[in-house]
Amino acid sequence: MSVCLLSRRMDTYISVADPSVLLCLSMTAAFGIITFYKTKKNQVEKKCVFARGLLLLLLLGILCFATLKSYVGLILFSMACLICYIHLSVQTMLPVDNKAVLITGSDSGIGHALAKYLDNLGFVVFAGVLNKKGAGAEELKRSCSQRLCVLQLDITNSAQIKEAYLKISEMVQNTGLWGVVNNAGILGFPADGELLPMSVYKQCMDVNFFGHVEVTKMFLPLLRKSKGRLINISSMAGGIPMTRFAAYGASKAALSMFSGVMRQELAKWGIKVAAVHPGGFRTGIQGTSELWAKQEKHLLENLTPDVKKDYGEDYIEALKNFLLHMPVHCAPDLSPVLEDVLNALLAKSPHGLYTPGKSAYLALCTFCYFPLWLYDLYIGKMQSNKSVPSALRASEAKNKNT
């Protein structure tokens, strides 16, 4: 029985026994078997992803041979195989071997989960926390192994960074520090960029950017010894513009660019650098209702009378609803982020950018490769806000009446 395939001429039919189709099938099978068995047996999810990619590759191969001359189809199909091999195959991983890793911002969220995750895998974890006597630090001491060391580390405090460096240097001695994971961060109060006080912009830059730069500069001598890894936890908002995240997004974009430059400059030392852009995970970074009330009060106190009148206090009050509903739309399972950080730490050839999260890579691709109006429409649907500033409401009402 023959299979009807697409052709340059609609009346052309190619039999399954056609040599070009058989060549396509055999190449796909050989490629699939080689790459599939490079995957570890317990990595079921990655095998499923690979199987879907292989099916698409097979369809592409048949399309190439059906619509093009044999040699052109072979060239295109070979290039597709190479691309799929690079992106779908499982990378060779280095052994843990008690490698030492510093993680900042381990009090809660991604940093807290990552400290537990790496400790469980056998890493020597230095968990930097903002409050050594806080609940997050105590939980790490109680639930993790004796290898884990909790350090007082406010990354905006130069003295604490230096103290952490001296302590870690003494403990790792000649082996060096294998990894630094710059994770600490703050969100601030999500609001229109015009409404945010300059103090919020400065605070976001101090924590989300300058603090990480200072930590990186301090610990690079130890990373050079081990030819280790520098990993910067940025954000989806650091790669694409998102409404209400002017301060946060700008600081994370700075961190992402810093990460890219460091990747280029530190390659000569054998240090590999990666940026991680998580999207849509429940980390608790939005803070508590008490913090929101304090931030809202600070915001209102710093508004000029004209701006306060144009936006209206009801509009600003409605911004808290965004914070309130953030966790509802975020995934509680942080494992995609943790697995990507592990890959960045142990893969022989780690990626320069990781985008864990269902919408992180899609949003980035939409922003980079599609017209801006389409991206604005897409991100507007994601961050729908029915609240309208009072001046605009008045203008709309006036237009309706006239």
# chains A, B, ... in the order shown; residues from 1 in each chain; ligands from 1

call {"tool": "residues_around", "arguments": {"residues": "A:Met236", "least_positions_apart": "6", "cutoff": "8 Å", "atoms": "only C-alpha atoms", "output": "list in words"}}
result
His277, Pro278, Gly279, Thr355, Ala360 and Leu364 of chain A

call {"tool": "select_by_dssp", "arguments": {"residues": "stretch 72-252 of chain A", "states": "strand (DSSP E or B)", "output": "ChimeraX atom specification"}}
result
/A:93,100-103,124-129,149-152,179-182,191,229-233,245

call {"tool": "write_last_selection", "arguments": {"atoms": "N, CA, C and O atoms", "output": "compact mmCIF listing (two decimals), in the first residue's frame"}}
result
# COMPACT_ATOMS: atom_id res chain seq x y z
N MET A 93 27.49 14.33 32.06
CA MET A 93 27.53 15.05 33.33
C MET A 93 28.77 14.66 34.13
O MET A 93 29.19 13.51 34.12
N ALA A 100 32.02 21.88 45.99
CA ALA A 100 31.53 22.94 46.88
C ALA A 100 30.83 24.03 46.08
O ALA A 100 31.35 24.50 45.06
N VAL A 101 29.66 24.43 46.56
CA VAL A 101 28.84 25.44 45.86
C VAL A 101 28.32 26.46 46.87
O VAL A 101 27.80 26.09 47.93
N LEU A 102 28.45 27.74 46.51
CA LEU A 102 27.86 28.82 47.31
C LEU A 102 26.54 29.24 46.68
O LEU A 102 26.47 29.48 45.47
N ILE A 103 25.49 29.34 47.49
CA ILE A 103 24.18 29.79 47.02
C ILE A 103 23.77 30.99 47.86
O ILE A 103 23.69 30.89 49.09
N VAL A 124 28.85 19.91 48.69
CA VAL A 124 29.14 20.68 49.90
C VAL A 124 28.53 22.05 49.67
O VAL A 124 29.02 22.83 48.84
N VAL A 125 27.47 22.35 50.37
CA VAL A 125 26.69 23.56 50.12
C VAL A 125 26.99 24.63 51.16
O VAL A 125 26.92 24.38 52.37
N PHE A 126 27.34 25.83 50.67
CA PHE A 126 27.44 27.02 51.52
C PHE A 126 26.19 27.85 51.24
O PHE A 126 26.07 28.45 50.18
N ALA A 127 25.27 27.84 52.19
CA ALA A 127 23.98 28.50 52.01
C ALA A 127 24.02 29.89 52.63
O ALA A 127 23.97 30.04 53.86
N GLY A 128 24.13 30.91 51.78
CA GLY A 128 24.12 32.28 52.27
C GLY A 128 22.70 32.73 52.56
O GLY A 128 21.81 32.58 51.72
N VAL A 129 22.47 33.29 53.76
CA VAL A 129 21.12 33.72 54.15
C VAL A 129 21.17 35.16 54.65
O VAL A 129 22.19 35.63 55.14
N CYS A 149 26.69 24.25 55.18
CA CYS A 149 27.11 25.30 56.10
C CYS A 149 26.29 26.57 55.83
O CYS A 149 26.29 27.08 54.71
N VAL A 150 25.58 27.03 56.84
CA VAL A 150 24.78 28.25 56.72
C VAL A 150 25.65 29.45 57.04
O VAL A 150 26.31 29.50 58.08
N LEU A 151 25.65 30.44 56.12
CA LEU A 151 26.47 31.63 56.30
C LEU A 151 25.60 32.88 56.34
O LEU A 151 24.67 33.01 55.55
N GLN A 152 25.92 33.78 57.26
CA GLN A 152 25.26 35.08 57.27
C GLN A 152 25.78 35.87 56.07
O GLN A 152 26.97 36.18 55.99
N GLY A 179 31.25 26.15 42.40
CA GLY A 179 30.17 26.95 41.84
C GLY A 179 29.72 28.08 42.73
O GLY A 179 29.74 27.97 43.96
N VAL A 180 29.31 29.18 42.10
CA VAL A 180 28.65 30.28 42.79
C VAL A 180 27.30 30.47 42.11
O VAL A 180 27.23 30.69 40.89
N VAL A 181 26.22 30.39 42.88
CA VAL A 181 24.88 30.58 42.35
C VAL A 181 24.34 31.88 42.94
O VAL A 181 23.96 31.94 44.11
N ASN A 182 24.34 32.92 42.12
CA ASN A 182 23.81 34.22 42.54
C ASN A 182 22.30 34.20 42.42
O ASN A 182 21.74 34.37 41.34
N ALA A 191 4.29 48.04 40.07
CA ALA A 191 3.44 49.18 39.74
C ALA A 191 3.98 49.83 38.46
O ALA A 191 5.10 49.53 38.02
N ARG A 229 32.00 26.98 37.92
CA ARG A 229 30.80 27.51 37.28
C ARG A 229 30.27 28.74 38.03
O ARG A 229 30.23 28.76 39.26
N LEU A 230 29.84 29.71 37.25
CA LEU A 230 29.15 30.88 37.78
C LEU A 230 27.74 30.87 37.20
O LEU A 230 27.56 30.87 35.99
N ILE A 231 26.74 30.86 38.07
CA ILE A 231 25.34 30.77 37.63
C ILE A 231 24.56 31.94 38.23
O ILE A 231 24.53 32.12 39.45
N ASN A 232 23.93 32.70 37.36
CA ASN A 232 23.16 33.86 37.80
C ASN A 232 21.67 33.60 37.58
O ASN A 232 21.23 33.38 36.45
N ILE A 233 20.92 33.62 38.67
CA ILE A 233 19.47 33.42 38.58
C ILE A 233 18.84 34.77 38.27
O ILE A 233 18.67 35.62 39.14
N PHE A 245 6.86 45.87 36.05
CA PHE A 245 8.15 45.37 36.54
C PHE A 245 9.31 46.23 36.04
O PHE A 245 10.38 45.71 35.71

call {"tool": "residues_around", "arguments": {"residues": "stretch 308-316 of chain A", "least_positions_apart": "2", "cutoff": "8 Å", "atoms": "only C-alpha atoms", "output": "list in words"}}
result
Ala191, Glu296, Leu300, Leu303, Thr304, Pro305, Asp306, Ala318, Leu319, Lys320, Ser387, Val388, Pro389, Ser390, Ala391 and Leu392 of chain A

call {"tool": "select_by_dssp", "arguments": {"residues": "stretch 185-393 of chain A", "states": "helix (DSSP H, G or I)", "output": "PyMOL selection string"}}
result
chain A and resi 198-226+236-238+246-269+289-301+305-311+313-325+327-329+335-346+360-369+372-382+390-393

call {"tool": "write_last_selection", "arguments": {"atoms": "C-alpha atoms", "output": "compact mmCIF listing (two decimals), in the first residue's frame"}}
result
# COMPACT_ATOMS: atom_id res chain seq x y z
CA MET A 198 13.53 56.14 42.93
CA SER A 199 14.32 54.32 46.17
CA VAL A 200 12.64 51.18 44.73
CA TYR A 201 14.76 51.36 41.57
CA LYS A 202 17.91 51.78 43.65
CA GLN A 203 17.00 48.97 46.05
CA CYS A 204 16.31 46.55 43.18
CA MET A 205 19.63 47.42 41.54
CA ASP A 206 21.51 47.09 44.86
CA VAL A 207 20.17 43.60 45.57
CA ASN A 208 19.48 42.14 42.13
CA PHE A 209 22.56 43.48 40.37
CA PHE A 210 25.29 45.27 42.34
CA GLY A 211 25.24 42.71 45.15
CA HIS A 212 25.74 39.85 42.69
CA VAL A 213 28.54 41.70 40.93
CA GLU A 214 30.36 42.18 44.23
CA VAL A 215 29.88 38.54 45.23
CA THR A 216 31.15 37.42 41.82
CA LYS A 217 34.25 39.61 41.97
CA MET A 218 35.04 38.40 45.48
CA PHE A 219 34.77 34.68 44.70
CA LEU A 220 36.25 34.54 41.19
CA PRO A 221 39.76 33.67 42.46
CA LEU A 222 38.31 30.48 44.01
CA LEU A 223 36.42 29.65 40.79
CA ARG A 224 39.63 30.05 38.78
CA LYS A 225 41.31 27.43 40.95
CA SER A 226 38.62 24.86 40.21
CA MET A 236 11.82 36.01 32.65
CA ALA A 237 11.40 39.75 33.30
CA GLY A 238 15.14 40.17 32.70
CA ALA A 246 10.17 48.43 35.47
CA ALA A 247 12.49 48.37 38.49
CA TYR A 248 12.68 44.60 38.93
CA GLY A 249 12.99 43.88 35.20
CA ALA A 250 15.70 46.50 34.67
CA SER A 251 17.80 45.07 37.49
CA LYS A 252 17.39 41.51 36.22
CA ALA A 253 18.20 42.60 32.65
CA ALA A 254 21.43 44.13 33.98
CA LEU A 255 22.26 40.81 35.67
CA SER A 256 21.57 38.89 32.45
CA MET A 257 23.84 41.15 30.42
CA PHE A 258 26.54 40.91 33.10
CA SER A 259 26.23 37.14 32.91
CA GLY A 260 26.68 37.17 29.13
CA VAL A 261 29.80 39.34 29.29
CA MET A 262 31.28 37.21 32.08
CA ARG A 263 30.64 34.09 29.98
CA GLN A 264 32.80 35.55 27.22
CA GLU A 265 35.54 36.95 29.45
CA LEU A 266 35.91 34.00 31.83
CA ALA A 267 36.04 31.35 29.10
CA LYS A 268 39.82 31.81 28.86
CA TRP A 269 40.07 30.76 32.52
CA SER A 289 0.42 41.56 52.95
CA GLU A 290 2.16 43.56 55.70
CA LEU A 291 5.04 44.29 53.33
CA TRP A 292 2.62 45.30 50.55
CA ALA A 293 0.88 47.79 52.86
CA LYS A 294 4.23 49.30 53.84
CA GLN A 295 5.36 49.54 50.20
CA GLU A 296 2.05 51.05 49.10
CA LYS A 297 2.27 53.70 51.81
CA HIS A 298 5.83 54.54 50.76
CA LEU A 299 4.73 54.79 47.13
CA LEU A 300 1.82 57.12 47.92
CA GLU A 301 3.99 59.36 50.09
CA PRO A 305 -0.07 65.69 43.59
CA ASP A 306 -0.53 65.69 39.79
CA VAL A 307 0.50 62.04 39.37
CA LYS A 308 -1.63 60.95 42.34
CA LYS A 309 -4.64 62.77 40.87
CA ASP A 310 -4.15 61.32 37.36
CA TYR A 311 -3.84 57.72 38.53
CA GLU A 313 -5.65 55.96 44.82
CA ASP A 314 -8.14 53.30 43.76
CA TYR A 315 -5.87 52.38 40.82
CA ILE A 316 -2.88 52.02 43.15
CA GLU A 317 -4.97 50.04 45.62
CA ALA A 318 -5.93 47.65 42.80
CA LEU A 319 -2.25 46.92 42.14
CA LYS A 320 -2.24 44.84 45.32
CA ASN A 321 -4.69 42.47 43.64
CA PHE A 322 -1.92 41.61 41.18
CA LEU A 323 0.34 40.60 44.08
CA LEU A 324 -2.52 38.71 45.69
CA HIS A 325 -3.17 36.62 42.58
CA PRO A 327 0.85 32.72 43.43
CA VAL A 328 -2.36 31.38 41.85
CA HIS A 329 -0.84 31.61 38.37
CA SER A 335 12.10 21.02 40.06
CA PRO A 336 12.52 22.42 36.49
CA VAL A 337 14.61 25.28 37.91
CA LEU A 338 16.62 22.98 40.18
CA GLU A 339 17.36 20.56 37.33
CA ASP A 340 18.52 23.37 35.06
CA VAL A 341 20.86 24.72 37.75
CA LEU A 342 22.22 21.19 38.27
CA ASN A 343 22.82 20.90 34.53
CA ALA A 344 24.64 24.24 34.55
CA LEU A 345 26.80 23.01 37.43
CA LEU A 346 27.70 19.56 36.14
CA ALA A 360 9.46 31.50 29.69
CA TYR A 361 10.94 30.38 26.36
CA LEU A 362 7.76 31.07 24.38
CA ALA A 363 7.60 34.65 25.65
CA LEU A 364 11.28 35.20 24.87
CA CYS A 365 10.89 33.84 21.33
CA THR A 366 7.78 35.94 20.74
CA PHE A 367 9.65 39.07 21.83
CA CYS A 368 12.77 38.31 19.77
CA TYR A 369 11.31 36.99 16.52
CA LEU A 372 6.44 44.08 18.81
CA TRP A 373 2.71 44.67 18.48
CA LEU A 374 2.16 40.91 18.58
CA TYR A 375 4.39 40.57 21.65
CA ASP A 376 2.57 43.45 23.38
CA LEU A 377 -0.74 41.71 22.66
CA TYR A 378 0.61 38.40 23.99
CA ILE A 379 2.05 39.85 27.19
CA GLY A 380 -1.09 41.95 27.67
CA LYS A 381 -3.18 38.78 27.74
CA MET A 382 -0.79 37.25 30.26
CA SER A 390 -8.86 57.88 37.07
CA ALA A 391 -7.82 60.54 34.50
CA LEU A 392 -8.36 58.05 31.66
CA ARG A 393 -11.73 57.01 33.06
